[in-house]
>>> print(open('start-v3.txt').read())   # compact mmCIF, C-alpha atoms and all ligand atoms
# COMPACT_ATOMS: atom_id res chain seq x y z
CA MET A 290 -86.80 57.97 29.00
CA ARG A 291 -89.02 57.04 31.91
CA THR A 292 -91.35 54.06 31.71
CA MET A 293 -93.82 52.77 34.27
CA GLN A 294 -93.38 49.05 33.79
CA LEU A 295 -95.28 46.00 35.03
CA ALA A 296 -92.83 43.22 35.95
CA ALA A 297 -95.46 40.66 36.96
CA ALA A 298 -99.19 40.55 37.58
CA GLY A 299 -100.26 41.87 40.93
CA MET A 300 -97.16 44.07 41.35
CA PRO A 301 -97.17 47.85 41.43
CA LEU A 302 -95.73 49.47 38.31
CA GLN A 303 -92.03 50.28 38.61
CA LEU A 304 -90.27 53.35 37.30
CA VAL A 305 -87.61 52.14 34.84
CA HIS A 306 -85.26 54.36 32.86
CA ARG A 307 -84.03 53.25 29.46
CA GLU A 308 -83.20 54.63 26.03
CA PRO A 309 -86.05 54.73 23.51
CA ALA A 310 -85.48 52.25 20.67
CA PRO A 311 -85.26 53.65 17.13
CA PRO A 312 -88.35 53.02 14.98
CA GLY A 313 -88.21 49.87 12.86
CA PRO A 314 -89.75 49.52 9.39
CA GLY A 315 -93.32 50.85 9.41
CA GLN A 316 -93.00 52.23 12.93
CA VAL A 317 -93.15 55.71 14.35
CA LEU A 318 -91.47 56.81 17.55
CA VAL A 319 -94.02 58.90 19.42
CA ARG A 320 -93.03 61.42 22.07
CA VAL A 321 -95.86 60.76 24.53
CA HIS A 322 -97.64 63.82 25.92
CA ALA A 323 -100.64 62.13 27.53
CA CYS A 324 -101.89 58.59 28.08
CA GLY A 325 -105.31 57.63 29.36
CA VAL A 326 -105.73 55.13 32.20
CA CYS A 327 -108.30 52.52 31.20
CA ARG A 328 -110.05 49.81 33.20
CA THR A 329 -108.34 47.29 30.91
CA ASP A 330 -105.02 48.47 32.39
CA LEU A 331 -106.35 47.37 35.78
CA HIS A 332 -107.24 43.94 34.38
CA ILE A 333 -103.69 43.70 32.95
CA VAL A 334 -102.06 44.76 36.21
CA ASP A 335 -104.24 42.28 38.11
CA GLY A 336 -103.38 39.41 35.72
CA GLU A 337 -106.99 38.87 34.69
CA LEU A 338 -106.24 38.63 30.94
CA PRO A 339 -104.51 35.71 29.16
CA ARG A 340 -101.51 35.94 26.82
CA LEU A 341 -99.86 38.73 28.76
CA ASP A 342 -96.25 39.51 27.98
CA HIS A 343 -93.98 40.54 30.88
CA PRO A 344 -92.49 42.92 31.49
CA ILE A 345 -94.91 45.29 29.80
CA VAL A 346 -95.50 49.02 29.79
CA PRO A 347 -99.31 49.54 29.98
CA GLY A 348 -101.25 52.31 28.31
CA HIS A 349 -103.29 52.28 25.10
CA GLU A 350 -104.77 55.78 24.90
CA ILE A 351 -101.62 57.53 23.76
CA VAL A 352 -101.48 61.10 22.53
CA GLY A 353 -98.13 62.40 21.36
CA VAL A 354 -96.16 63.73 18.44
CA VAL A 355 -94.15 61.81 15.87
CA GLU A 356 -90.50 62.24 16.69
CA ALA A 357 -89.02 59.81 14.15
CA ALA A 358 -90.35 57.49 11.46
CA GLY A 359 -88.97 54.18 10.25
CA GLN A 360 -88.76 53.07 6.64
CA GLY A 361 -92.21 53.05 5.04
CA ALA A 362 -93.82 54.98 7.91
CA GLU A 363 -93.98 58.32 6.11
CA ARG A 364 -97.73 58.56 6.65
CA PHE A 365 -97.26 61.12 9.43
CA ALA A 366 -94.73 63.95 9.15
CA ARG A 367 -92.35 64.55 12.04
CA GLY A 368 -94.12 66.72 14.63
CA THR A 369 -97.62 65.50 13.72
CA ARG A 370 -99.90 64.88 16.69
CA VAL A 371 -101.16 61.31 16.61
CA GLY A 372 -103.18 58.91 18.74
CA VAL A 373 -102.15 55.32 19.39
CA PRO A 374 -105.05 53.01 20.32
CA TRP A 375 -105.48 49.51 21.76
CA LEU A 376 -105.37 47.74 18.38
CA GLY A 377 -101.65 47.68 17.63
CA TRP A 378 -101.24 45.08 14.90
CA THR A 379 -103.29 42.52 12.96
CA CYS A 380 -102.28 39.77 10.53
CA GLY A 381 -104.24 41.18 7.59
CA THR A 382 -104.81 37.74 6.07
CA CYS A 383 -107.14 35.73 8.34
CA ALA A 384 -110.87 35.30 7.80
CA TYR A 385 -111.60 38.08 10.29
CA CYS A 386 -109.09 40.57 8.89
CA THR A 387 -110.29 40.05 5.34
CA SER A 388 -113.97 40.53 6.23
CA GLY A 389 -113.83 43.92 7.96
CA ARG A 390 -113.49 42.38 11.43
CA GLU A 391 -109.85 42.95 12.25
CA ASN A 392 -110.92 43.54 15.86
CA LEU A 393 -111.39 39.75 16.09
CA CYS A 394 -108.05 38.75 14.50
CA ASP A 395 -106.65 35.74 16.40
CA ALA A 396 -103.11 37.02 15.99
CA ALA A 397 -103.87 40.64 16.92
CA ARG A 398 -101.43 42.44 19.14
CA PHE A 399 -102.61 45.13 21.50
CA THR A 400 -100.90 48.24 22.78
CA GLY A 401 -99.94 48.12 26.44
CA TYR A 402 -100.64 44.36 26.49
CA HIS A 403 -98.42 42.71 23.85
CA ILE A 404 -96.68 45.91 22.75
CA ASP A 405 -95.17 48.39 25.20
CA GLY A 406 -97.66 51.21 25.65
CA GLY A 407 -97.90 54.83 26.68
CA TYR A 408 -97.07 54.91 30.39
CA ALA A 409 -93.73 56.26 29.21
CA ASP A 410 -92.02 59.27 27.69
CA TYR A 411 -91.80 57.52 24.29
CA ALA A 412 -93.69 54.75 22.56
CA LEU A 413 -93.12 52.86 19.32
CA ALA A 414 -96.19 52.20 17.20
CA ASP A 415 -97.04 50.71 13.82
CA SER A 416 -97.98 53.82 11.87
CA ARG A 417 -100.82 52.01 10.07
CA TYR A 418 -102.73 51.73 13.36
CA CYS A 419 -102.22 55.33 14.50
CA PHE A 420 -104.83 58.04 14.08
CA ALA A 421 -104.64 61.72 13.27
CA LEU A 422 -106.38 63.61 16.08
CA PRO A 423 -108.87 66.49 15.95
CA ASP A 424 -107.19 69.82 16.72
CA ALA A 425 -109.91 71.11 19.02
CA CYS A 426 -109.00 69.21 22.18
CA SER A 427 -105.93 69.26 24.39
CA ASP A 428 -103.66 66.25 24.72
CA ALA A 429 -105.27 65.26 28.03
CA GLU A 430 -108.80 65.69 26.66
CA ALA A 431 -108.00 63.68 23.52
CA ALA A 432 -106.50 60.65 25.30
CA PRO A 433 -109.80 59.11 26.55
CA LEU A 434 -111.23 59.26 23.03
CA LEU A 435 -108.76 56.57 21.97
CA CYS A 436 -110.25 53.69 23.94
CA ALA A 437 -113.13 54.85 26.10
CA GLY A 438 -114.44 56.79 23.11
CA LEU A 439 -113.77 54.20 20.41
CA ILE A 440 -115.00 51.14 22.31
CA GLY A 441 -117.95 53.13 23.59
CA TYR A 442 -118.81 54.16 20.05
CA ARG A 443 -118.61 50.56 18.82
CA ALA A 444 -120.86 49.49 21.71
CA LEU A 445 -123.34 52.25 20.94
CA ARG A 446 -123.60 51.15 17.32
CA LYS A 447 -124.62 47.67 18.54
CA ALA A 448 -127.59 49.32 20.24
CA GLY A 449 -129.03 50.01 16.79
CA ALA A 450 -131.89 52.48 16.78
CA ALA A 451 -132.59 52.17 20.53
CA ARG A 452 -134.22 55.38 21.75
CA ARG A 453 -134.09 54.72 25.49
CA LEU A 454 -130.52 53.76 26.27
CA GLY A 455 -129.32 52.47 29.62
CA ILE A 456 -125.63 52.85 30.52
CA TYR A 457 -124.32 50.73 33.41
CA GLY A 458 -121.07 51.99 34.92
CA PHE A 459 -120.68 55.71 34.38
CA GLY A 460 -116.94 56.22 33.96
CA ALA A 461 -114.67 57.19 31.09
CA ALA A 462 -116.46 55.39 28.25
CA ALA A 463 -119.96 56.18 29.48
CA HIS A 464 -119.38 59.89 29.84
CA ILE A 465 -118.30 60.03 26.18
CA VAL A 466 -121.01 57.69 24.85
CA ALA A 467 -123.70 59.65 26.67
CA GLN A 468 -122.76 62.76 24.69
CA VAL A 469 -122.88 60.88 21.37
CA ALA A 470 -126.21 59.28 22.31
CA ARG A 471 -127.75 62.62 23.29
CA HIS A 472 -126.47 64.13 20.03
CA GLN A 473 -128.30 61.33 18.20
CA GLY A 474 -131.51 62.21 20.04
CA ARG A 475 -131.56 59.20 22.37
CA GLU A 476 -132.65 59.28 26.02
CA VAL A 477 -129.89 58.24 28.41
CA TYR A 478 -130.48 56.40 31.70
CA ALA A 479 -127.30 56.18 33.80
CA PHE A 480 -126.70 53.42 36.36
CA THR A 481 -123.83 53.77 38.83
CA ARG A 482 -122.49 52.07 41.94
CA ALA A 483 -124.87 52.56 44.85
CA GLY A 484 -124.58 56.08 46.19
CA ASP A 485 -122.05 57.33 43.62
CA ALA A 486 -123.41 60.86 43.65
CA ALA A 487 -120.48 62.26 41.64
CA ALA A 488 -121.04 59.88 38.71
CA GLN A 489 -124.79 60.47 38.81
CA ALA A 490 -124.27 64.23 38.82
CA LEU A 491 -121.86 63.93 35.86
CA ALA A 492 -124.44 61.88 33.96
CA LEU A 493 -127.21 64.41 34.58
CA SER A 494 -124.91 67.30 33.59
CA LEU A 495 -124.32 65.53 30.26
CA GLY A 496 -128.04 65.36 29.57
CA ALA A 497 -129.07 62.01 31.06
CA ALA A 498 -132.82 61.80 31.62
CA TRP A 499 -132.30 59.82 34.82
CA ALA A 500 -129.41 58.63 36.99
CA GLY A 501 -129.57 56.09 39.80
CA ASP A 502 -128.07 53.00 41.40
CA SER A 503 -127.56 49.91 39.23
CA ALA A 504 -129.82 47.84 41.50
CA GLN A 505 -132.73 50.16 40.73
CA ALA A 506 -135.20 49.66 37.90
CA PRO A 507 -135.24 52.55 35.43
CA PRO A 508 -138.35 54.76 35.42
CA ALA A 509 -139.15 53.55 31.90
CA PRO A 510 -138.27 50.30 30.08
CA LEU A 511 -135.06 50.51 28.05
CA ASP A 512 -134.61 49.68 24.36
CA ALA A 513 -130.95 48.80 24.90
CA ALA A 514 -128.35 48.73 27.66
CA LEU A 515 -124.58 49.19 27.45
CA LEU A 516 -122.52 47.61 30.24
CA PHE A 517 -119.19 49.24 30.99
CA ALA A 518 -118.92 48.02 34.59
CA PRO A 519 -117.11 44.62 34.83
CA VAL A 520 -119.86 43.15 36.98
CA GLY A 521 -121.56 40.00 35.67
CA ALA A 522 -124.60 40.46 37.92
CA LEU A 523 -125.51 43.50 35.85
CA VAL A 524 -126.31 41.29 32.82
CA PRO A 525 -129.54 39.85 34.28
CA ALA A 526 -130.31 43.25 35.83
CA ALA A 527 -130.04 44.87 32.41
CA LEU A 528 -132.06 42.08 30.75
CA ARG A 529 -134.85 42.78 33.21
CA ALA A 530 -134.69 46.48 32.28
CA VAL A 531 -134.92 46.09 28.48
CA VAL A 532 -138.07 45.64 26.39
CA LYS A 533 -138.75 42.66 24.11
CA GLY A 534 -136.32 42.73 21.22
CA GLY A 535 -133.93 44.79 23.36
CA ILE A 536 -130.17 44.26 23.42
CA VAL A 537 -127.67 44.17 26.27
CA VAL A 538 -124.16 45.05 25.09
CA CYS A 539 -121.21 44.02 27.27
CA ALA A 540 -118.39 46.40 26.37
CA GLY A 541 -115.60 45.41 28.76
CA ILE A 542 -112.74 43.01 28.05
CA HIS A 543 -113.28 41.17 31.35
CA MET A 544 -116.27 40.65 33.60
CA SER A 545 -117.00 38.68 36.76
CA ASP A 546 -119.10 35.55 36.19
CA ILE A 547 -122.67 36.11 35.08
CA PRO A 548 -125.06 34.52 37.59
CA GLY A 549 -127.77 32.13 36.42
CA PHE A 550 -131.03 33.74 35.46
CA PRO A 551 -134.51 32.62 34.35
CA TYR A 552 -134.96 32.14 30.63
CA ALA A 553 -138.02 34.37 30.84
CA ILE A 554 -135.84 37.51 30.99
CA LEU A 555 -134.03 36.54 27.77
CA TRP A 556 -137.21 35.34 26.05
CA GLY A 557 -138.92 37.83 23.76
CA GLU A 558 -135.93 38.07 21.40
CA ARG A 559 -133.80 39.94 23.87
CA GLN A 560 -130.08 39.63 23.09
CA VAL A 561 -126.86 39.65 25.07
CA VAL A 562 -123.74 40.47 23.03
CA SER A 563 -120.17 41.53 23.68
CA VAL A 564 -118.03 44.12 21.96
CA ALA A 565 -114.38 43.27 21.40
CA ASN A 566 -111.63 45.77 20.67
CA LEU A 567 -111.94 48.13 17.72
CA THR A 568 -111.30 48.33 14.04
CA ARG A 569 -109.38 51.16 12.43
CA GLN A 570 -112.60 52.12 10.69
CA ASP A 571 -114.29 52.59 14.09
CA GLY A 572 -111.51 54.97 15.01
CA GLU A 573 -111.63 57.00 11.81
CA GLU A 574 -115.42 57.34 12.09
CA PHE A 575 -115.51 58.24 15.76
CA LEU A 576 -112.60 60.70 15.63
CA ALA A 577 -114.32 62.48 12.72
CA LEU A 578 -117.65 62.55 14.58
CA ALA A 579 -116.40 63.60 18.04
CA PRO A 580 -115.44 67.22 17.20
CA THR A 581 -118.75 67.84 15.40
CA ILE A 582 -120.81 67.10 18.54
CA PRO A 583 -118.47 68.25 20.13
CA VAL A 584 -117.53 65.57 22.67
CA ARG A 585 -116.01 67.12 25.78
CA THR A 586 -114.08 64.79 28.06
CA THR A 587 -113.85 65.28 31.82
CA VAL A 588 -110.36 64.31 32.89
CA GLU A 589 -108.39 64.00 36.09
CA THR A 590 -104.68 64.30 35.37
CA PHE A 591 -101.71 62.67 37.06
CA GLY A 592 -97.97 62.82 36.47
CA LEU A 593 -96.46 59.79 34.72
CA GLU A 594 -94.79 58.65 37.94
CA GLN A 595 -98.19 58.71 39.68
CA ALA A 596 -99.51 55.86 37.50
CA ASN A 597 -100.02 53.56 40.50
CA GLU A 598 -102.00 56.27 42.26
CA ALA A 599 -104.18 56.78 39.18
CA LEU A 600 -104.85 53.03 38.92
CA ALA A 601 -105.73 52.84 42.62
CA LYS A 602 -108.21 55.69 42.25
CA LEU A 603 -109.79 54.05 39.21
CA ARG A 604 -110.04 50.75 41.08
CA ALA A 605 -111.80 52.49 43.96
CA GLY A 606 -114.25 54.17 41.58
CA ARG A 607 -113.08 57.62 42.67
CA VAL A 608 -112.22 59.03 39.22
CA SER A 609 -114.83 61.37 37.78
CA GLY A 610 -114.71 60.95 33.99
CA ALA A 611 -111.32 59.67 32.83
CA ALA A 612 -107.87 59.48 34.43
CA VAL A 613 -104.98 60.65 32.25
CA LEU A 614 -101.22 60.55 32.81
CA LEU A 615 -99.22 63.53 31.60
CA THR A 616 -95.50 63.06 30.91
CA GLY A 617 -94.93 66.73 31.64
CA GLY A 618 -96.45 66.31 35.11
CA ALA A 619 -99.96 67.10 36.25
CA PRO A 620 -100.79 70.79 36.60
CA GLY A 621 -101.16 71.97 40.18
CA ARG A 622 -99.90 68.75 41.70
ZN ZN B 701 -109.04 50.69 27.12
ZN ZN B 702 -106.05 38.53 11.23
>>> encode(input="start-v3.txt", output="structure tokens")
Amino acid sequence: MRTMQLAAAGMPLQLVHREPAPPGPGQVLVRVHACGVCRTDLHIVDGELPRLDHPIVPGHEIVGVVEAAGQGAERFARGTRVGVPWLGWTCGTCAYCTSGRENLCDAARFTGYHIDGGYADYALADSRYCFALPDACSDAEAAPLLCAGLIGYRALRKAGAARRLGIYGFGAAAHIVAQVARHQGREVYAFTRAGDAAAQALALSLGAAWAGDSAQAPPAPLDAALLFAPVGALVPAALRAVVKGGIVVCAGIHMSDIPGFPYAILWGERQVVSVANLTRQDGEEFLALAPTIPVRTTVETFGLEQANEALAKLRAGRVSGAAVLLTGGAPGR
């Protein structure tokens, strides 16, 4: 099988051929059809996250079919289409795991970070952390649901009943969250990099009430803001844009330093919170909800061996919607 492997931080991914390992107890061997390219993959490639195992195969938005199951992994029949998300394993016994917060488990292992991920023809996964996928969407369209969708959904829930919702950074997660938010009757205000007309047009096409540059003030005060861009300076910008009692939700795994800001913009019971990872319950809820809306993902596809090209495009902010690797090659490329 082909893998696109990271040997060390800061290096391009290398194409490595090796035999897929047989599934161990509790594991399924998944024949990968599609794998989303997430901003977290960029942070991993750039060495911005601690506890990184090398070499590692990135990729934690895996869509594929079960090819073989290990002992005790009979949950999915052979040939079943499954999704493999970021949360790959938790201890099940710590204070977080036993209180419905397995996303915070200190011993958690993550796909494409501690466990080889989906930039490959095959991936091994603990079957307990895999999801059944809605039938309605193609493999490429389903892949972004598994991180961009799930983390976005968890971030949106933190916004509570906010009616006017700001979204900073309009990429893979935002374009999914915007659809859920509109479905819930919220108003969406989309903030993009200065002059990113494509992202602003995508936001407006998905029902955003307004789209503009992140340095701009919104036309109306926001009840909540979700930050998907890894830019610390957006935290005070978003605090200035939310009303008293409003919440600013930081949804990325890594962010540049947050600059100092006057207490006055936090005063008035405004909150700044982060969202970390996902629980399996988030996944079950979101994957049941998505087809009822229905969430439609905008994807740009690449062949597996074009993973470096996909990452470079994401880094440059030139992907509209979500980038997805296809093991069968990208159509028309
Ligand atoms: Zn991700
Ligand atoms: Zn735990």
>>> residues_around(input="start-v3.txt", residues="Phe459 of chain A", least_positions_apart="4", cutoff="10 Å", atoms="all atoms listed in the file", output="list in words")
Ala463, His464, Ile465, Val466, Ala467, Ala479, Phe480, Thr481, Arg482, Asp485, Ala487, Ala488, Gln489, Leu491, Ala492, Ala500, Leu516, Phe517, Ala518, Gly606, Ser609 and Gly610 of chain A
>>> atom_distance(input="start-v3.txt", atom1="atom CA of Val319 of chain A", atom2="atom CA of Ala412 of chain A")
5.2 Å
>>> closest_residue(input="start-v3.txt", among="A:Ala323, A:Ile536, A:Ile440, A:Leu567", to="Asp428 of chain A", atoms="only C-alpha atoms")
A:Ala323
>>> residues_near_point(input="start-v3.txt", point="(-105.5, 36.3, 15.1)", cutoff="12 Å", atoms="only C-alpha atoms", output="count of residues only")
21
>>> atom_distance(input="start-v3.txt", atom1="atom CA of Lys533 of chain A", atom2="atom CA of Pro508 of chain A")
16.6 Å
>>> residues_near_ligand(input="start-v3.txt", ligand="ligand ZN 701 (chain B)", cutoff="6 Å", atoms="only C-alpha atoms and all ligand atoms", output="ChimeraX atom specification")
/A:327,329,436-437
>>> closest_residue(input="start-v3.txt", among="A:Pro525, A:Pro423, A:Gly484, A:Pro433", to="Gln560 of chain A", atoms="all atoms listed in the file")
A:Pro525
>>> atom_distance(input="start-v3.txt", atom1="atom CA of Gln595 of chain A", atom2="atom CA of Gly407 of chain A")
13.6 Å
>>> closest_residue(input="start-v3.txt", among="A:Pro314, A:Gly501, A:Gly535, A:Gly455", to="Arg417 of chain A", atoms="all atoms listed in the file")
A:Pro314
>>> closest_residue(input="start-v3.txt", among="A:Arg529, A:Ala462, A:Ser388, A:Gln505", to="ligand ZN 702 (chain B)", atoms="only C-alpha atoms and all ligand atoms")
A:Ser388
>>> closest_residue(input="start-v3.txt", among="A:Leu515, A:Ala451, A:Leu341, A:Ala357", to="Arg320 of chain A", atoms="all atoms listed in the file")
A:Ala357
